[in-house]
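my_file_4.cif (mmCIF, C-alpha atoms (C1' of nucleotides))
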```
data_final
loop_
_atom_site.label_atom_id
_atom_site.label_comp_id
_atom_site.auth_asym_id
_atom_site.auth_seq_id
_atom_site.Cartn_x
_atom_site.Cartn_y
_atom_site.Cartn_z
CA MET A 1 4.29 -2.83 -3.40
CA GLN A 2 6.83 -0.82 -1.52
CA ILE A 3 7.92 -0.92 2.09
CA SER A 4 6.47 2.06 3.96
CA SER A 5 8.40 5.31 4.06
CA ARG A 6 8.11 4.98 7.83
CA PHE A 7 11.24 2.85 7.59
CA THR A 8 13.44 5.48 5.92
CA ILE A 9 11.91 8.20 8.07
CA ALA A 10 12.83 6.21 11.17
CA ILE A 11 16.45 5.99 10.08
CA HIS A 12 16.37 9.71 9.33
CA ILE A 13 15.19 10.25 12.89
CA PHE A 14 18.08 8.26 14.36
CA ALA A 15 20.55 10.19 12.24
CA CYS A 16 19.11 13.51 13.40
CA ILE A 17 19.14 12.58 17.05
CA ASP A 18 22.73 11.45 16.79
CA VAL A 19 23.97 14.42 14.77
CA PHE A 20 22.02 17.20 16.51
CA GLY A 21 21.25 15.75 19.92
CA LYS A 22 24.14 17.52 21.63
CA ASP A 23 23.17 20.97 20.41
CA TYR A 24 19.40 20.87 20.15
CA LYS A 25 16.45 19.37 21.96
CA ILE A 26 15.06 16.84 19.47
CA THR A 27 11.33 17.50 19.43
CA SER A 28 8.77 16.18 17.01
CA ASP A 29 8.66 19.64 15.43
CA PHE A 30 12.42 19.68 14.96
CA LEU A 31 12.34 16.27 13.31
CA ALA A 32 9.26 17.13 11.28
CA SER A 33 11.02 20.03 9.64
CA SER A 34 14.10 17.96 8.75
CA VAL A 35 12.06 15.08 7.38
CA ASN A 36 9.45 17.44 5.98
CA VAL A 37 6.31 15.76 7.21
CA ASN A 38 3.61 16.57 9.73
CA PRO A 39 4.81 16.41 13.37
CA VAL A 40 2.10 13.87 14.17
CA VAL A 41 3.63 11.46 11.70
CA ILE A 42 6.89 11.80 13.62
CA ARG A 43 5.21 11.35 16.98
CA ARG A 44 3.55 8.17 15.82
CA LEU A 45 6.92 6.85 14.72
CA LEU A 46 8.58 7.90 17.98
CA THR A 47 5.90 6.01 19.83
CA GLN A 48 6.66 2.85 17.84
CA LEU A 49 10.42 3.19 18.27
CA LYS A 50 9.95 3.78 21.97
CA ALA A 51 7.71 0.73 22.30
CA ALA A 52 10.51 -1.31 20.71
CA GLY A 53 12.98 0.02 23.27
CA LEU A 54 15.11 1.79 20.67
CA ILE A 55 14.66 5.34 21.93
CA THR A 56 13.39 7.26 24.93
CA VAL A 57 11.04 10.21 24.69
CA ALA A 58 10.59 12.81 27.43
CA ARG A 59 6.94 13.52 27.81
CA GLY A 60 5.93 17.05 28.72
CA THR A 61 9.38 18.54 28.69
CA GLY A 62 10.08 17.05 25.27
CA GLY A 63 13.05 15.55 23.47
CA ALA A 64 14.01 12.17 22.08
CA ALA A 65 17.21 10.23 22.77
CA ILE A 66 18.64 6.97 21.48
CA ALA A 67 18.41 4.12 23.97
CA ARG A 68 21.50 2.12 23.06
CA PRO A 69 24.64 2.40 20.92
CA LEU A 70 23.92 2.94 17.24
CA ASP A 71 26.04 -0.07 16.28
CA GLU A 72 23.71 -2.24 18.34
CA ILE A 73 20.62 -1.20 16.40
CA THR A 74 20.16 -2.96 13.08
CA PHE A 75 17.95 -2.08 10.13
CA TYR A 76 15.95 -5.15 11.07
CA ASP A 77 15.27 -3.81 14.56
CA VAL A 78 13.90 -0.63 13.00
CA TYR A 79 11.97 -2.54 10.36
CA LEU A 80 10.32 -4.68 13.03
CA ALA A 81 9.50 -1.67 15.16
CA VAL A 82 8.00 0.33 12.37
CA GLU A 83 6.62 -1.95 9.67
CA CYS A 84 3.44 -3.74 10.36
CA ILE A 85 4.30 -6.79 8.28
CA GLU A 86 3.87 -9.83 10.49
CA SER A 87 6.45 -12.57 10.13
CA ASN A 88 5.96 -14.60 6.98
CA LYS A 89 3.58 -12.06 5.55
CA LEU A 90 5.83 -10.24 3.10
CA PHE A 91 3.88 -11.84 0.27
CA HIS A 92 0.18 -11.23 -0.16
CA PHE A 93 -1.45 -14.57 -0.87
CA HIS A 94 -4.64 -14.63 -2.91
CA ASP A 95 -7.39 -15.26 -0.43
CA ASN A 96 -9.62 -18.07 -1.58
CA PRO A 97 -8.10 -20.48 -4.06
CA SER A 98 -10.67 -23.03 -5.14
CA THR A 99 -11.01 -25.95 -2.77
CA SER A 100 -12.41 -28.08 -5.57
CA CYS A 101 -9.16 -27.81 -7.55
CA PRO A 102 -6.19 -29.92 -6.39
CA VAL A 103 -3.78 -27.12 -7.19
CA GLY A 104 -5.98 -24.57 -5.45
CA ARG A 105 -6.15 -26.77 -2.37
CA ASN A 106 -2.38 -27.19 -2.13
CA ILE A 107 -0.84 -24.01 -3.50
CA HIS A 108 -0.49 -22.47 -0.06
CA LYS A 109 1.27 -25.41 1.54
CA GLY A 110 3.49 -25.83 -1.51
CA LEU A 111 4.60 -22.23 -1.51
CA ASP A 112 4.83 -21.12 2.10
CA ASP A 113 8.30 -22.46 2.89
CA LYS A 114 9.72 -20.86 -0.25
CA LEU A 115 8.20 -17.46 0.43
CA GLU A 116 9.56 -17.69 3.96
CA ARG A 117 13.03 -18.31 2.57
CA VAL A 118 12.82 -15.13 0.50
CA GLN A 119 11.60 -13.07 3.42
CA ALA A 120 14.29 -14.57 5.66
CA ALA A 121 17.01 -13.65 3.16
CA MET A 122 15.83 -10.08 3.18
CA GLU A 123 15.67 -9.96 6.95
CA ARG A 124 19.09 -11.55 7.31
CA GLU A 125 20.61 -8.78 5.19
CA MET A 126 18.77 -6.18 7.27
CA LYS A 127 20.26 -7.65 10.41
CA SER A 128 23.75 -7.17 8.98
CA ILE A 129 23.40 -3.40 8.62
CA THR A 130 23.41 -1.09 11.64
CA ILE A 131 22.15 2.45 12.06
CA LYS A 132 25.75 3.39 12.73
CA ASP A 133 26.70 2.28 9.21
CA ALA A 134 24.06 4.60 7.80
CA LYS A 135 24.90 7.50 10.09
CA ASP A 136 28.62 7.24 9.36
CA ASP A 137 27.95 7.48 5.64
CA ILE A 138 25.55 10.38 6.06
CA GLU A 139 28.21 12.22 8.06
CA LYS A 140 30.77 11.39 5.40
CA TYR A 141 28.58 13.06 2.79
CA ILE A 142 28.02 16.03 5.08
CA ALA A 143 31.79 16.37 5.48
CA MET A 144 32.20 16.27 1.70
CA GLU A 145 29.72 19.13 1.36
CA ASN A 146 31.76 21.17 3.82
CA SER A 147 35.09 20.46 2.15
CA VAL A 148 33.65 21.61 -1.18
CA THR A 149 32.49 24.83 0.49
CA ASP A 150 35.91 25.33 2.09
CA LYS A 151 37.64 25.24 -1.26
CA GLN A 152 35.58 28.10 -2.65
CA MET B 1 3.30 -3.21 2.62
CA GLN B 2 2.99 -6.56 1.01
CA ILE B 3 4.09 -7.82 -2.37
CA SER B 4 1.07 -8.03 -4.65
CA SER B 5 -0.95 -11.23 -4.79
CA ARG B 6 -0.24 -11.16 -8.52
CA PHE B 7 2.98 -12.95 -7.64
CA THR B 8 1.38 -15.94 -5.92
CA ILE B 9 -1.39 -16.00 -8.50
CA ALA B 10 1.22 -16.17 -11.26
CA ILE B 11 2.83 -19.20 -9.65
CA HIS B 12 -0.61 -20.73 -9.25
CA ILE B 13 -1.11 -20.24 -12.99
CA PHE B 14 2.14 -22.02 -13.85
CA ALA B 15 1.20 -24.92 -11.59
CA CYS B 16 -2.22 -25.23 -13.22
CA ILE B 17 -0.85 -25.14 -16.74
CA ASP B 18 1.68 -27.80 -15.88
CA VAL B 19 -0.69 -30.07 -13.99
CA PHE B 20 -3.77 -29.74 -16.22
CA GLY B 21 -2.33 -28.67 -19.57
CA LYS B 22 -2.41 -32.19 -21.02
CA ASP B 23 -6.07 -32.78 -20.25
CA TYR B 24 -7.65 -29.36 -20.51
CA LYS B 25 -7.38 -26.20 -22.54
CA ILE B 26 -6.10 -23.63 -20.07
CA THR B 27 -8.33 -20.61 -20.62
CA SER B 28 -8.59 -17.54 -18.46
CA ASP B 29 -11.93 -18.86 -17.23
CA PHE B 30 -10.40 -22.19 -16.25
CA LEU B 31 -7.64 -20.44 -14.32
CA ALA B 32 -10.04 -17.93 -12.82
CA SER B 33 -12.07 -20.66 -11.22
CA SER B 34 -9.02 -22.39 -9.75
CA VAL B 35 -7.54 -19.17 -8.41
CA ASN B 36 -10.98 -17.80 -7.60
CA VAL B 37 -10.68 -14.34 -9.11
CA ASN B 38 -12.21 -12.52 -12.05
CA PRO B 39 -11.04 -13.82 -15.45
CA VAL B 40 -9.85 -10.33 -16.39
CA VAL B 41 -7.38 -10.39 -13.53
CA ILE B 42 -5.99 -13.61 -14.99
CA ARG B 43 -5.86 -12.20 -18.51
CA ARG B 44 -3.92 -9.20 -17.32
CA LEU B 45 -1.44 -11.49 -15.64
CA LEU B 46 -1.19 -13.73 -18.70
CA THR B 47 -0.41 -10.64 -20.75
CA GLN B 48 2.44 -9.73 -18.39
CA LEU B 49 3.83 -13.27 -18.31
CA LYS B 50 3.63 -13.43 -22.09
CA ALA B 51 5.42 -10.08 -22.45
CA ALA B 52 8.22 -11.52 -20.30
CA GLY B 53 8.48 -14.52 -22.60
CA LEU B 54 7.48 -17.01 -19.91
CA ILE B 55 4.30 -18.32 -21.53
CA THR B 56 2.47 -18.31 -24.83
CA VAL B 57 -1.21 -17.52 -25.19
CA ALA B 58 -3.33 -18.53 -28.18
CA ARG B 59 -5.51 -15.64 -29.11
CA GLY B 60 -8.95 -16.39 -30.51
CA THR B 61 -8.76 -20.13 -30.08
CA GLY B 62 -7.63 -19.82 -26.49
CA GLY B 63 -5.23 -21.62 -24.20
CA ALA B 64 -2.02 -20.82 -22.37
CA ALA B 65 1.20 -22.85 -22.44
CA ILE B 66 4.54 -22.54 -20.67
CA ALA B 67 7.32 -21.26 -22.93
CA ARG B 68 10.31 -23.02 -21.41
CA PRO B 69 11.12 -25.77 -18.91
CA LEU B 70 9.82 -25.07 -15.41
CA ASP B 71 13.26 -25.50 -13.91
CA GLU B 72 14.47 -22.62 -16.06
CA ILE B 73 11.92 -20.18 -14.68
CA THR B 74 12.82 -18.71 -11.30
CA PHE B 75 10.65 -16.89 -8.79
CA TYR B 76 12.63 -13.80 -9.70
CA ASP B 77 11.64 -14.10 -13.37
CA VAL B 78 8.02 -14.18 -12.30
CA TYR B 79 8.46 -11.37 -9.80
CA LEU B 80 10.03 -9.18 -12.47
CA ALA B 81 7.31 -10.00 -14.95
CA VAL B 82 4.48 -9.34 -12.59
CA GLU B 83 5.51 -6.85 -9.92
CA CYS B 84 5.80 -3.29 -10.94
CA ILE B 85 8.58 -2.47 -8.49
CA GLU B 86 11.38 -0.89 -10.46
CA SER B 87 14.88 -1.92 -9.53
CA ASN B 88 16.07 -0.36 -6.28
CA LYS B 89 12.57 0.75 -5.43
CA LEU B 90 11.60 -1.84 -2.85
CA PHE B 91 11.75 0.85 -0.20
CA HIS B 92 9.54 3.89 -0.34
CA PHE B 93 11.69 6.91 0.41
CA HIS B 94 10.05 9.95 1.99
CA ASP B 95 9.75 12.46 -0.80
CA ASN B 96 11.12 15.82 0.26
CA PRO B 97 13.58 15.77 3.13
CA SER B 98 14.58 19.30 4.03
CA THR B 99 17.34 20.73 1.88
CA SER B 100 18.24 23.17 4.62
CA CYS B 101 19.14 20.33 7.01
CA PRO B 102 22.48 18.55 6.49
CA VAL B 103 20.93 15.21 7.38
CA GLY B 104 17.95 15.88 5.12
CA ARG B 105 20.25 16.72 2.24
CA ASN B 106 22.32 13.55 2.59
CA ILE B 107 19.98 10.87 3.89
CA HIS B 108 19.23 9.55 0.42
CA LYS B 109 22.86 9.18 -0.66
CA GLY B 110 23.77 7.68 2.70
CA LEU B 111 21.06 5.06 2.54
CA ASP B 112 20.67 4.03 -1.08
CA ASP B 113 23.49 1.49 -1.24
CA LYS B 114 22.27 -0.19 1.91
CA LEU B 115 18.68 -0.45 0.73
CA GLU B 116 19.96 -1.87 -2.54
CA ARG B 117 21.85 -4.55 -0.62
CA VAL B 118 18.63 -5.61 1.11
CA GLN B 119 16.68 -5.73 -2.11
CA ALA B 120 19.52 -7.63 -3.81
CA ALA B 121 19.54 -10.23 -1.03
CA MET B 122 15.84 -10.80 -1.54
CA GLU B 123 16.20 -11.05 -5.29
CA ARG B 124 19.17 -13.41 -4.99
CA GLU B 125 17.06 -15.82 -2.96
CA MET B 126 14.24 -15.53 -5.50
CA LYS B 127 16.65 -16.45 -8.25
CA SER B 128 17.54 -19.65 -6.40
CA ILE B 129 13.99 -21.02 -6.42
CA THR B 130 12.37 -22.33 -9.59
CA ILE B 131 8.76 -22.84 -10.51
CA LYS B 132 9.59 -26.51 -10.75
CA ASP B 133 10.49 -26.54 -7.04
CA ALA B 134 7.08 -25.14 -6.24
CA LYS B 135 5.19 -27.38 -8.63
CA ASP B 136 6.94 -30.51 -7.36
CA ASP B 137 5.92 -29.72 -3.82
CA ILE B 138 2.36 -28.94 -4.82
CA GLU B 139 2.16 -32.29 -6.61
CA LYS B 140 3.65 -33.97 -3.54
CA TYR B 141 0.83 -32.55 -1.42
CA ILE B 142 -1.73 -33.59 -4.03
CA ALA B 143 -0.32 -37.11 -3.94
CA MET B 144 -0.58 -37.13 -0.15
CA GLU B 145 -4.26 -36.21 -0.42
CA ASN B 146 -4.81 -39.12 -2.77
CA SER B 147 -2.98 -41.63 -0.61
CA VAL B 148 -5.13 -40.64 2.34
CA THR B 149 -8.23 -41.18 0.20
CA ASP B 150 -6.91 -44.54 -0.99
CA LYS B 151 -6.56 -45.80 2.54
CA GLN B 152 -10.21 -45.20 3.35
"C1'" DT C 1 0.13 27.72 40.99
"C1'" DT C 2 0.09 29.16 36.48
"C1'" DT C 3 2.28 29.20 32.25
"C1'" DT C 4 4.54 27.16 28.41
"C1'" DA C 5 6.11 23.76 25.49
"C1'" DT C 6 5.56 19.37 24.44
"C1'" DT C 7 3.90 14.44 23.82
"C1'" DG C 8 0.22 10.93 22.99
"C1'" DT C 9 -3.66 9.82 20.66
"C1'" DA C 10 -8.24 9.97 18.65
"C1'" DA C 11 -10.83 11.16 14.82
"C1'" DC C 12 -11.17 12.31 10.46
"C1'" DA C 13 -9.54 13.65 5.51
"C1'" DT C 14 -6.97 12.81 1.59
"C1'" DT C 15 -4.40 10.39 -1.61
"C1'" DA C 16 -2.53 6.35 -3.67
"C1'" DT C 17 -2.70 1.65 -4.78
"C1'" DT C 18 -4.70 -2.68 -5.46
"C1'" DT C 19 -8.18 -5.45 -6.86
"C1'" DG C 20 -12.59 -6.28 -9.09
"C1'" DT C 21 -16.08 -5.59 -12.86
"C1'" DT C 22 -18.43 -4.56 -17.20
"C1'" DA C 23 -18.18 -4.12 -21.86
"C1'" DC C 24 -16.73 -4.92 -26.31
"C1'" DA C 25 -13.64 -5.05 -30.39
"C1'" DA C 26 -10.15 -8.26 -32.30
"C1'" DT C 27 -8.87 -12.92 -33.27
"C1'" DC C 28 -9.01 -17.55 -35.05
"C1'" DA C 29 -10.50 -22.35 -35.53
"C1'" DA C 30 -14.39 -25.04 -36.90
"C1'" DT D 1 -20.42 -17.15 -40.24
"C1'" DT D 2 -20.48 -18.80 -35.71
"C1'" DG D 3 -18.68 -19.46 -31.21
"C1'" DA D 4 -15.30 -19.27 -27.88
"C1'" DT D 5 -11.72 -16.71 -26.51
"C1'" DT D 6 -8.19 -12.98 -25.70
"C1'" DG D 7 -6.80 -8.07 -25.11
"C1'" DT D 8 -7.82 -3.91 -23.26
"C1'" DA D 9 -10.23 0.25 -21.96
"C1'" DA D 10 -12.97 2.35 -18.63
"C1'" DC D 11 -14.72 2.53 -14.52
"C1'" DA D 12 -15.95 0.87 -9.51
"C1'" DA D 13 -14.88 -0.66 -5.08
"C1'" DA D 14 -11.95 -1.87 -1.44
"C1'" DT D 15 -7.86 -1.31 1.07
"C1'" DA D 16 -3.90 0.96 2.78
"C1'" DA D 17 -0.82 4.82 3.42
"C1'" DT D 18 -0.19 9.34 4.64
"C1'" DG D 19 -1.66 13.87 6.25
"C1'" DT D 20 -4.31 17.04 9.38
"C1'" DT D 21 -6.84 19.02 13.24
"C1'" DA D 22 -7.78 19.03 17.84
"C1'" DC D 23 -7.07 18.45 22.49
"C1'" DA D 24 -6.17 16.14 26.96
"C1'" DA D 25 -2.07 14.71 29.66
"C1'" DT D 26 2.48 15.77 31.20
"C1'" DA D 27 6.38 18.07 33.27
"C1'" DA D 28 9.60 21.73 33.74
"C1'" DA D 29 10.08 26.50 34.72
"C1'" DA D 30 8.34 30.99 35.91
#
```
Here is the file; what I need is its structure written in the form of structure tokens.
Amino acid sequence: MQISSRFTIAIHIFACIDVFGKDYKITSDFLASSVNVNPVVIRRLLTQLKAAGLITVARGTGGAAIARPLDEITFYDVYLAVECIESNKLFHFHDNPSTSCPVGRNIHKGLDDKLERVQAAMEREMKSITIKDAKDDIEKYIAMENSVTDKQ
Amino acid sequence: MQISSRFTIAIHIFACIDVFGKDYKITSDFLASSVNVNPVVIRRLLTQLKAAGLITVARGTGGAAIARPLDEITFYDVYLAVECIESNKLFHFHDNPSTSCPVGRNIHKGLDDKLERVQAAMEREMKSITIKDAKDDIEKYIAMENSVTDKQ
DNA sequence: TTTTATTGTAACATTATTTGTTACAATCAA
DNA sequence: TTGATTGTAACAAATAATGTTACAATAAAA
């Protein structure tokens, strides 16, 4: 199955804070209307990102801010903060293989290290991509929109 | 979320066919009792593996067999056969980002290549592991069981 | 101090997805 | 023709993701 949309929403949130943070107060309502989901969904995400030390959120007065430079936050940091897949749990193992079958008894031990390798490869790639990479490209596409408009 | 248990069950099936295929007819009931799931779950998987050309199944008379050498079947082959994640769909994107927000309009374009890189890294690792690797290790653990028994 | 806007969170509702089950026609060797 | 088996439809149950309502807690500003 797929990795939760919380992950892409979280990156969307970082991009919004970075792009609009100077001009607007970034509230859960503001973010909710850009992402197009219920504000509570955003607040739950903000809570997770805050718990991971990636953002700060001003209670009462409102507004979210990014806690450290965007090029020091990797996709993996966000994935960890937001996904609830424990380490080495990317693959769902069938629960009760037969203990009276030699294969059933040993399938788990025989497979675990290999499944870990796959998950590690994925996580390694995630560590190599920063939120800044994503934000730069999003801004590049925004600039392209504008230049098209200018030519009209 | 996690990758379906169909994947680990499929590898379990290959291991069973290889280990027991000489001595037993490998029916969906036989496999079901080793994996410990309903035989229909196994049959559905066998149908998918057959469609991918990885096994043959004898209708009527019964019995599954592996279609080509185990070291020529990678985890990725099995994953493709069995998972229903289309290519570049590992990540669930939020459906309707706002079109009136510049970030909302461009988040998808700005992210897609990066998400593809992550998925590709995972698939690359899967391609580097064969069913034979898994089966060899399972047999190694079975042998260790036996040697412990022998010593008693 | 009161008001206002906001966050944090619980509780519940809805939808989607995965997994399990029953039933039975189709198949093929004996 | 029998018996064992596969293939598949139809449905059931369990699990997980996402969405919603409601409201107390918070903090700045009036």
Check your understanding: What are the residues of chain C that have an atom within 8 Å of an atom of chain B, counting only C-alpha atoms (C1' of nucleotides), as a list in words?
Key ->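 Listed by rising number, the hits are DT18, DG20, DT21, DT27, DC28 and DA29 of chain C.
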What would you get as a CSV table (one decimal) with C-alpha atoms, keeping the file's coordinate frame if chain A were moved onto chain B by least squares over all of its C-alpha atoms in order?
```
chain,number,residue,atom,x,y,z
A,1,MET,CA,3.4,-3.3,2.7
A,2,GLN,CA,3.0,-6.6,1.0
A,3,ILE,CA,4.1,-7.8,-2.4
A,4,SER,CA,1.1,-8.0,-4.7
A,5,SER,CA,-0.9,-11.2,-4.8
A,6,ARG,CA,-0.2,-11.1,-8.5
A,7,PHE,CA,3.0,-12.9,-7.7
A,8,THR,CA,1.4,-15.9,-6.0
A,9,ILE,CA,-1.4,-16.0,-8.5
A,10,ALA,CA,1.2,-16.2,-11.3
A,11,ILE,CA,2.8,-19.2,-9.7
A,12,HIS,CA,-0.6,-20.7,-9.3
A,13,ILE,CA,-1.1,-20.2,-13.0
A,14,PHE,CA,2.1,-22.0,-13.9
A,15,ALA,CA,1.2,-24.9,-11.6
A,16,CYS,CA,-2.2,-25.2,-13.2
A,17,ILE,CA,-0.9,-25.2,-16.8
A,18,ASP,CA,1.7,-27.8,-15.9
A,19,VAL,CA,-0.7,-30.1,-14.0
A,20,PHE,CA,-3.8,-29.7,-16.2
A,21,GLY,CA,-2.3,-28.7,-19.6
A,22,LYS,CA,-2.4,-32.2,-21.0
A,23,ASP,CA,-6.1,-32.8,-20.3
A,24,TYR,CA,-7.7,-29.4,-20.5
A,25,LYS,CA,-7.4,-26.2,-22.6
A,26,ILE,CA,-6.1,-23.7,-20.1
A,27,THR,CA,-8.3,-20.6,-20.6
A,28,SER,CA,-8.6,-17.6,-18.5
A,29,ASP,CA,-11.9,-18.9,-17.2
A,30,PHE,CA,-10.4,-22.2,-16.3
A,31,LEU,CA,-7.6,-20.5,-14.3
A,32,ALA,CA,-10.0,-17.9,-12.8
A,33,SER,CA,-12.1,-20.7,-11.2
A,34,SER,CA,-9.0,-22.4,-9.8
A,35,VAL,CA,-7.5,-19.2,-8.4
A,36,ASN,CA,-11.0,-17.8,-7.6
A,37,VAL,CA,-10.7,-14.4,-9.1
A,38,ASN,CA,-12.2,-12.5,-12.1
A,39,PRO,CA,-11.1,-13.8,-15.5
A,40,VAL,CA,-9.9,-10.4,-16.4
A,41,VAL,CA,-7.4,-10.4,-13.5
A,42,ILE,CA,-6.0,-13.6,-15.0
A,43,ARG,CA,-5.9,-12.2,-18.5
A,44,ARG,CA,-3.9,-9.2,-17.3
A,45,LEU,CA,-1.5,-11.5,-15.7
A,46,LEU,CA,-1.2,-13.7,-18.7
A,47,THR,CA,-0.4,-10.7,-20.8
A,48,GLN,CA,2.4,-9.7,-18.4
A,49,LEU,CA,3.8,-13.3,-18.4
A,50,LYS,CA,3.6,-13.4,-22.1
A,51,ALA,CA,5.4,-10.1,-22.5
A,52,ALA,CA,8.2,-11.5,-20.4
A,53,GLY,CA,8.5,-14.5,-22.7
A,54,LEU,CA,7.5,-17.0,-19.9
A,55,ILE,CA,4.3,-18.3,-21.6
A,56,THR,CA,2.5,-18.3,-24.9
A,57,VAL,CA,-1.2,-17.5,-25.2
A,58,ALA,CA,-3.3,-18.5,-28.2
A,59,ARG,CA,-5.5,-15.7,-29.2
A,60,GLY,CA,-9.0,-16.4,-30.5
A,61,THR,CA,-8.8,-20.2,-30.1
A,62,GLY,CA,-7.6,-19.8,-26.5
A,63,GLY,CA,-5.3,-21.6,-24.2
A,64,ALA,CA,-2.0,-20.8,-22.4
A,65,ALA,CA,1.2,-22.9,-22.5
A,66,ILE,CA,4.5,-22.6,-20.7
A,67,ALA,CA,7.3,-21.3,-22.9
A,68,ARG,CA,10.3,-23.0,-21.4
A,69,PRO,CA,11.1,-25.8,-18.9
A,70,LEU,CA,9.8,-25.1,-15.4
A,71,ASP,CA,13.3,-25.5,-13.9
A,72,GLU,CA,14.5,-22.6,-16.1
A,73,ILE,CA,11.9,-20.2,-14.7
A,74,THR,CA,12.8,-18.7,-11.3
A,75,PHE,CA,10.7,-16.9,-8.8
A,76,TYR,CA,12.6,-13.8,-9.7
A,77,ASP,CA,11.6,-14.1,-13.4
A,78,VAL,CA,8.0,-14.2,-12.3
A,79,TYR,CA,8.5,-11.4,-9.8
A,80,LEU,CA,10.0,-9.2,-12.5
A,81,ALA,CA,7.3,-10.0,-15.0
A,82,VAL,CA,4.5,-9.3,-12.6
A,83,GLU,CA,5.5,-6.8,-10.0
A,84,CYS,CA,5.8,-3.3,-10.9
A,85,ILE,CA,8.6,-2.5,-8.5
A,86,GLU,CA,11.4,-0.9,-10.4
A,87,SER,CA,14.9,-1.9,-9.5
A,88,ASN,CA,16.1,-0.3,-6.3
A,89,LYS,CA,12.6,0.8,-5.4
A,90,LEU,CA,11.6,-1.8,-2.9
A,91,PHE,CA,11.8,0.9,-0.2
A,92,HIS,CA,9.5,3.9,-0.3
A,93,PHE,CA,11.7,6.9,0.4
A,94,HIS,CA,10.1,10.0,2.0
A,95,ASP,CA,9.8,12.5,-0.8
A,96,ASN,CA,11.1,15.8,0.3
A,97,PRO,CA,13.6,15.8,3.2
A,98,SER,CA,14.6,19.3,4.1
A,99,THR,CA,17.3,20.7,2.0
A,100,SER,CA,18.2,23.2,4.7
A,101,CYS,CA,19.1,20.3,7.1
A,102,PRO,CA,22.5,18.5,6.6
A,103,VAL,CA,20.9,15.2,7.4
A,104,GLY,CA,17.9,15.9,5.2
A,105,ARG,CA,20.3,16.7,2.3
A,106,ASN,CA,22.3,13.6,2.7
A,107,ILE,CA,20.0,10.9,3.9
A,108,HIS,CA,19.2,9.6,0.5
A,109,LYS,CA,22.9,9.2,-0.6
A,110,GLY,CA,23.8,7.7,2.7
A,111,LEU,CA,21.1,5.1,2.6
A,112,ASP,CA,20.7,4.1,-1.0
A,113,ASP,CA,23.5,1.5,-1.2
A,114,LYS,CA,22.3,-0.2,1.9
A,115,LEU,CA,18.7,-0.5,0.7
A,116,GLU,CA,20.0,-1.9,-2.5
A,117,ARG,CA,21.8,-4.5,-0.6
A,118,VAL,CA,18.6,-5.6,1.1
A,119,GLN,CA,16.7,-5.7,-2.1
A,120,ALA,CA,19.5,-7.6,-3.8
A,121,ALA,CA,19.5,-10.2,-1.1
A,122,MET,CA,15.9,-10.8,-1.6
A,123,GLU,CA,16.2,-11.0,-5.3
A,124,ARG,CA,19.2,-13.4,-5.0
A,125,GLU,CA,17.1,-15.8,-3.0
A,126,MET,CA,14.3,-15.5,-5.5
A,127,LYS,CA,16.7,-16.4,-8.3
A,128,SER,CA,17.6,-19.6,-6.4
A,129,ILE,CA,14.0,-21.0,-6.4
A,130,THR,CA,12.4,-22.3,-9.6
A,131,ILE,CA,8.7,-22.8,-10.5
A,132,LYS,CA,9.6,-26.5,-10.8
A,133,ASP,CA,10.5,-26.5,-7.1
A,134,ALA,CA,7.1,-25.1,-6.3
A,135,LYS,CA,5.2,-27.4,-8.6
A,136,ASP,CA,6.9,-30.5,-7.4
A,137,ASP,CA,5.9,-29.7,-3.8
A,138,ILE,CA,2.4,-28.9,-4.8
A,139,GLU,CA,2.2,-32.3,-6.6
A,140,LYS,CA,3.6,-34.0,-3.5
A,141,TYR,CA,0.8,-32.5,-1.4
A,142,ILE,CA,-1.7,-33.6,-4.0
A,143,ALA,CA,-0.3,-37.1,-3.9
A,144,MET,CA,-0.6,-37.1,-0.1
A,145,GLU,CA,-4.3,-36.2,-0.4
A,146,ASN,CA,-4.8,-39.1,-2.7
A,147,SER,CA,-3.0,-41.6,-0.5
A,148,VAL,CA,-5.1,-40.6,2.4
A,149,THR,CA,-8.2,-41.1,0.4
A,150,ASP,CA,-6.9,-44.5,-0.8
A,151,LYS,CA,-6.6,-45.7,2.8
A,152,GLN,CA,-10.2,-45.1,3.6
```
If we count all atoms listed in the file and set the cut-off at 9 Å, which residues sit around Asp137 of chain B, ignoring sequence neighbours fewer than 2 positions away in its own chain? Please answer as a short mmCIF file (atom, residue, chain, number, x, y, z; two decimals) with C-alpha atoms, in the frame of the given file.
```cif
data_model
loop_
_atom_site.label_atom_id
_atom_site.label_comp_id
_atom_site.auth_asym_id
_atom_site.auth_seq_id
_atom_site.Cartn_x
_atom_site.Cartn_y
_atom_site.Cartn_z
CA ASN A 106 -2.38 -27.19 -2.13
CA ILE A 107 -0.84 -24.01 -3.50
CA LYS A 109 1.27 -25.41 1.54
CA GLY A 110 3.49 -25.83 -1.51
CA LEU A 111 4.60 -22.23 -1.51
CA LYS B 132 9.59 -26.51 -10.75
CA ASP B 133 10.49 -26.54 -7.04
CA ALA B 134 7.08 -25.14 -6.24
CA LYS B 135 5.19 -27.38 -8.63
CA GLU B 139 2.16 -32.29 -6.61
CA LYS B 140 3.65 -33.97 -3.54
CA TYR B 141 0.83 -32.55 -1.42
CA ILE B 142 -1.73 -33.59 -4.03
#
```
**Study point:** Within 6 Å of chain B: residues of chain A, using only C-alpha atoms, as a list in words
**Key:**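 For chain A, the answer reads Met1, Gln2, Ile3, Ser4, Ser5, Thr8, Ser34, Val35, Asn36, Leu90, Phe91, His92, Phe93, His94, Pro97, Ser98, Cys101, Gly104, Asn106, Gly110, Val118, Ala121, Met122, Glu125, Ala134, Asp137 and Ile138 of chain A.
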Given a cut-off of 8 Å, which residues of chain D touch chain A, counting only C-alpha atoms (C1' of nucleotides), written out as an mmCIF file with C-alpha atoms (C1' of nucleotides), in the coordinates of the input?
```cif
data_model
loop_
_atom_site.group_PDB
_atom_site.id
_atom_site.type_symbol
_atom_site.label_atom_id
_atom_site.label_comp_id
_atom_site.auth_asym_id
_atom_site.auth_seq_id
_atom_site.Cartn_x
_atom_site.Cartn_y
_atom_site.Cartn_z
ATOM 1 C "C1'" DA D 17 -0.820 4.820 3.420
ATOM 2 C "C1'" DG D 19 -1.660 13.870 6.250
ATOM 3 C "C1'" DT D 20 -4.310 17.040 9.380
ATOM 4 C "C1'" DT D 26 2.480 15.770 31.200
ATOM 5 C "C1'" DA D 27 6.380 18.070 33.270
ATOM 6 C "C1'" DA D 28 9.600 21.730 33.740
#
```
